[in-house]
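Below: one structure, written as structure tokens.
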Amino acid sequence: MSTQVSAGKHTVEQVEAVTIRFVGDSGDGMQLTGTEFTRASALAGNDLATFPDYPAEIRAPAGSLYGVSGYQVNFGAREIHTPGDAPDVLVAMNPAALKTNLADLKPGGMLLVNAGAFTAGNLEKAGYKTNPLEDAALTQTYKLVPVDMNKLTETALAGSGLSSKEVARCKNYFALGLMYWLYSRPIEPQLEAIQRKFAKKPEFASANAAVFKAGHAYGETSEVFYQRYQVPASKLAAGTYRNVTGNFATALGFATVARLTGRQVFLGSYPITPATEILQEMSYFKEHGVVTYQAEDEIAGIGSAIGAAFGGALACTSTSGPGLALKTEMMGLAVITELPLVIVNVQRGGPSTGMPTKTEQADLLMALFGRHGEAPMPVLAAQSPADCFWSAIEAMKIATKWMTPVLLLTDGYLGNGSEPFKVPSLDELPKLQVKYQTVPNYADGAQYMPYLRDDKLVRPWAVPGTPGLEHRVGGLEKDSLSGMVSYDGMNHERMVKTRAQKIRNVVEDVPDVETFGAASGDLLLVSWGGTFGAVRGAAEELQARGKAVSHVHLRWLNPLPKNLGEVLRRFKKVFVPEVNDGQLAFYLRGKFPGVDPLQFNRINGKPIKIGELVGKVLEVL
Amino acid sequence: MSTNGQNVNTALPTYTKKDFESGVDPRWCPGCGDYSIINQVQRALPAVGVKRENIVFISGIGCSSRFPYYMNNYGMHTLHGRAPSFASGLKVSRPELQVWIVTGDGDALAIGGNHFIHAMRRNLDLKMLLFNNRIYGLTKGQVSPTSELGKKTKTTPHGSPDYPFNPPALALGAGATFVARTIDVEGAHMGGVLKAAAEHKGSTLVEVFQNCPVFNDGAYEFLTDKAVKADALLRMEQGKPLVFGKDNKKGIRFNPQSAELEVVTIGDGGVTEKDILVHDATREDPTIAFMLANLSMKPGFPTPIGVFRNVRMPTCEELTWQIIDGAKAKKPDASLEKLLAGSDTWTIG
Ligand SMILES: Cc1ncc(C[n+]2csc(CCOP(=O)(O)OP(=O)(O)O)c2C)c(N)n1
Ligand code: SF4
Ligand SMILES: [Mg+2]
């Protein structure tokens, strides 16, 4: 669907959705370019989703293939579920970026390259024998637009007094300016953003602004482009929006908990990609009642959180796979002491250091079962960057209500990816109640029994500073009432079963799954966590093609929603796409005997693509 | 954050030792040095001036770490080596609580070595009691990081081939602001050290030489045996010369030529009392304290007990809350609405 209108000497084509990928050297500022363009799209009212894809090396050698950093944004006038399968536009800042990304560009797509970077040296580093820009096939397959951004940037900054190195660093703003022109974005907000970003270095502010404007003007005057594009505002629900990454949204969710309850939220954490931003962002929320503590390792990160929880704080810890492994002994302690705690695991490619900057969903079974002893805990997975906000609040709500550690799973794709977040009004926020025991609860108020449970099996929370309720908690099994150390075998069995039943009781707070599409049919797609967008997109496409395909998404992995078994059995086939080797499928087989899901497993460090998934489903229908 | 206890009694009750006994009978082996330590702690606490409900004992795993169960305070018996991490989180979160850590030589220095040094360097006001029996008690007699070189244990039947840690030296190296040592059988001395530890604000290590009669009996006889005690033990007292031996005739002198501490005898070769190093635990520079901590490593030198270092520096929790209060003061109009909206929004509809 596109309409043509003419504006000035260029026609403006209206398009419904576009996917752009910016790729360049890790020193080229592609993450910044991508985020800035995303901001402009958000301000223009588009729905969007982004996918930053960067190397593990901070500054890989310039021009190398493994040093390529990318940022993909999909924005549109319609609902956007994913960062887009294949880019419509590829902005490549050097030969290595072209080489590693060209295969993804849609045939007929626009290929905007910085021709100035296609020097003999860079071509060699990228493994090109000849200059691909001179390859006729390239021009036949794509709309190739070579622009010498190096030279044009230099021209724009002639006489600026900046060193040639500093000048070179500005060229990403040329690309950005050009894209602003191409997508008919107003430039003022960006000029203001540049002023803000470089407020302390006015010479860089004016240089980047000049280069940005030069890029914009180049579009208008160069005669290279015969038309511009416009993506109208989307029909998102009325409201105020902001763009959030998943990690920011997680941090925002926890800070919101502090405000909602008036209680201290304590985060004990240790930096690890791709979870670090949660700790960083939360350290800026001090005025809202957040306390952050950077511990000496992940073990101490969760230890400090459990200590703070014993003291009455709403405690959380954040990490990624290897860090979660380190925390497992501590998670057992949190289970046996029945203290509230949220553990956030931003999953990444594993095992071990694996693919630290790439996404994966391979910690599901670890989250569900990866502890010593019988140690069940609620497990929740966020489904989109903005949903990380709601998930963080929900996880803390369950933790405090049920006096249990809760595991919140997100992933690198959600953590770094972004989308518009509808700013909730205060009455849209959940109600959280934090209750401390302040008086003895036994023998007519003569004694405090830390394991005297209520009818939901929840034990009371008495915190230091409360006179008369002094008690000890710890890793040794406790008497089911007094909380004294107990080596009685039957008491242990009772405690194991009681703790398990308590977690099963949490199901009363787990909403039933909603079936997207018909209530029964040929095939049910079942997703969990970060694949929500891709699977929903695939379901929409399959339904549009008249297929009897529905979709169910799981936010809660433990306990599973009450109606899940019944829903699964209403379909002839159950199909589980995952970014792992089949962990949810395995879990469902065990939980629902007779249900044997078909699987699609992509473990390449990237989110699943809608088109690919649609193809796989069509094969089995 | 404060608790919401409704019946908080603001006046400090008059406590006796009994108020700090949980009523659970300790289950240490008969004759274990841990009994005398808990006895001294329970005797010291009534005079500390902190309400029972505001005191928390946090331990790791080991014989020593059963300690919190026997104290009538808030307590956590946690994981092997990890007690400092829980204590650190609690102290940062609730700085008004008095937080004690009880740990063993294996707990603090083997599996928990990393947490130990970080607790010391951060200068959180955490009071660590390290029960050093130079053996793994709870697991029945394996070599520990404080076992002597050559020590025969169940896992080193041919003698230990590795060198031990010296806990006060390690703590000083890590930046602890209060470092002391005492002995299980020296009740009065321990009482004094515990009182000073309770009064200190900042990272605190009290090493207690503790006899394990079952797996390492007599580990400290070289110090505590009446026949050798006078020459083997150096009692450090603030503001007093570092003298020891029968009639206090021996002393520690700082030799400026070799930059070392040496043992001299008053009256020999013109040595007078004025030559003896006067003990000052409040020196900000920890160098002399470190030398004293290492004194016993040299053959023929006595083993110091008492306070090596006692220096007041802003604590980590004080600095943390200064920053938090500063952030709050800077943004008096911070609110949930503002938090949610941020600064970069757009409106639809
Ligand atoms: C993770 C873990 N590893 C090992 C153990 C077994 N363990 C318990 S106590 C202990 C050593 C205790 O020695 P120490 O800290 O000196 O305490 P003591 O019993 O001598 O007081 C060990 C190895 C454990 N409980 N947890
Ligand atoms: S084993 Fe040793 S340290 Fe442990 S309780 Fe017995 S005597 Fe004490
Ligand atoms: Mg020991």
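Chain identifiers are assigned as A, B, and so on, following the order in which chains appear in the structure tokens; residues are numbered from 1 within each chain, and ligands are numbered from 1 in order of appearance.
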query = Residues of range 122-361 of chain A in alpha helix (DSSP H) according to DSSP, as a PyMOL selection string?
reply = chain A and resi 122-125+136-141+149-156+164-168+171-182+188-197+202-221+246-261+276-282+298-310+321-337
Site check for ligand 3: residues at most 7 Å away, only C-alpha atoms and all ligand atoms, as a list of chain:residue names = B:Gly104, B:Asp105, B:Gly106, B:Phe131, B:Asn132, B:Asn133, B:Arg134, B:Ile135, B:Tyr136, B:Gly137, B:Ser144
key: Exercise answer, chain A residues close to chain B, 7 Å and only C-alpha atoms, as number ranges by chain   = A: 43, 45, 238-242, 256, 259, 264, 286-287, 296, 300, 303-308, 311, 423, 438, 464-467, 470-475
request  = Apply DSSP to the backbone of this structure and, from range 22-75 of chain B, keep only the residues in strand (DSSP E); write these as number ranges by chain.
outcome  = B: 55-59, 74-75
ask   = Please, which residues have at least one atom within 7 Å of an atom of ligand 2, using only C-alpha atoms and all ligand atoms, listed as a VMD selection string?
value = chain B and resid 28 to 34 63 to 64 133 137 to 138 140 212 to 215
Give me the residues of chain A that have any atom at most 12 Å from an atom of ligand 1; for each, the nearest atom pair and the distance in Å, rounded to one decimal. Use only C-alpha atoms and all ligand atoms, sort by chain and number, and format it as JSON lines.
{"residue": "A:Ile299", "atom": "CA", "partner": "ligand 1", "partner_atom_place_in_ligand_line": "1 (C)", "distance": 11.6}
{"residue": "A:Leu326", "atom": "CA", "partner": "ligand 1", "partner_atom_place_in_ligand_line": "1 (C)", "distance": 11.3}
{"residue": "A:Lys327", "atom": "CA", "partner": "ligand 1", "partner_atom_place_in_ligand_line": "1 (C)", "distance": 11.7}
{"residue": "A:Thr328", "atom": "CA", "partner": "ligand 1", "partner_atom_place_in_ligand_line": "1 (C)", "distance": 10.9}
{"residue": "A:Glu329", "atom": "CA", "partner": "ligand 1", "partner_atom_place_in_ligand_line": "1 (C)", "distance": 7.6}
{"residue": "A:Met330", "atom": "CA", "partner": "ligand 1", "partner_atom_place_in_ligand_line": "1 (C)", "distance": 10.0}
{"residue": "A:Gly332", "atom": "CA", "partner": "ligand 1", "partner_atom_place_in_ligand_line": "1 (C)", "distance": 11.6}
{"residue": "A:Leu333", "atom": "CA", "partner": "ligand 1", "partner_atom_place_in_ligand_line": "1 (C)", "distance": 11.6}
{"residue": "A:His372", "atom": "CA", "partner": "ligand 1", "partner_atom_place_in_ligand_line": "1 (C)", "distance": 11.3}
{"residue": "A:Gly475", "atom": "CA", "partner": "ligand 1", "partner_atom_place_in_ligand_line": "25 (N)", "distance": 9.8}
{"residue": "A:Leu476", "atom": "CA", "partner": "ligand 1", "partner_atom_place_in_ligand_line": "25 (N)", "distance": 10.4}
inquiry  = With only C-alpha atoms as the counted atoms, please give the residues lying no more than 9 Å from Lys606 in chain A, apart from itself and same-chain residues fewer than 3 positions off, as a list of chain:residue names.
reply    = A:Phe51, A:Asp53, A:Lys358, A:Thr359, A:Glu360, A:Tyr413, A:Val579, A:Arg602, A:Ile603, A:Lys609
key: Shell of 12 Å around Thr177 in chain B, only C-alpha atoms, local chain residues under 6 positions omitted, as a ChimeraX atom specification   = /B:119-128,168,171,197,200-206,281-286,289,307-316
ask   = What is the distance, in Å and to one decimal place, between CA of Leu560 in chain A and CA of Ser384 in chain A?
value =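 According to the coordinates, CA of Leu560 in chain A and CA of Ser384 in chain A are separated by 19.2 Å.
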ask   = Closest to Gln142 in chain B among B:Trp100, B:Leu109, B:Leu130, B:Asn216, using only C-alpha atoms?
value =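 The answer is B:Asn216, which sits nearest to Gln142 in chain B.
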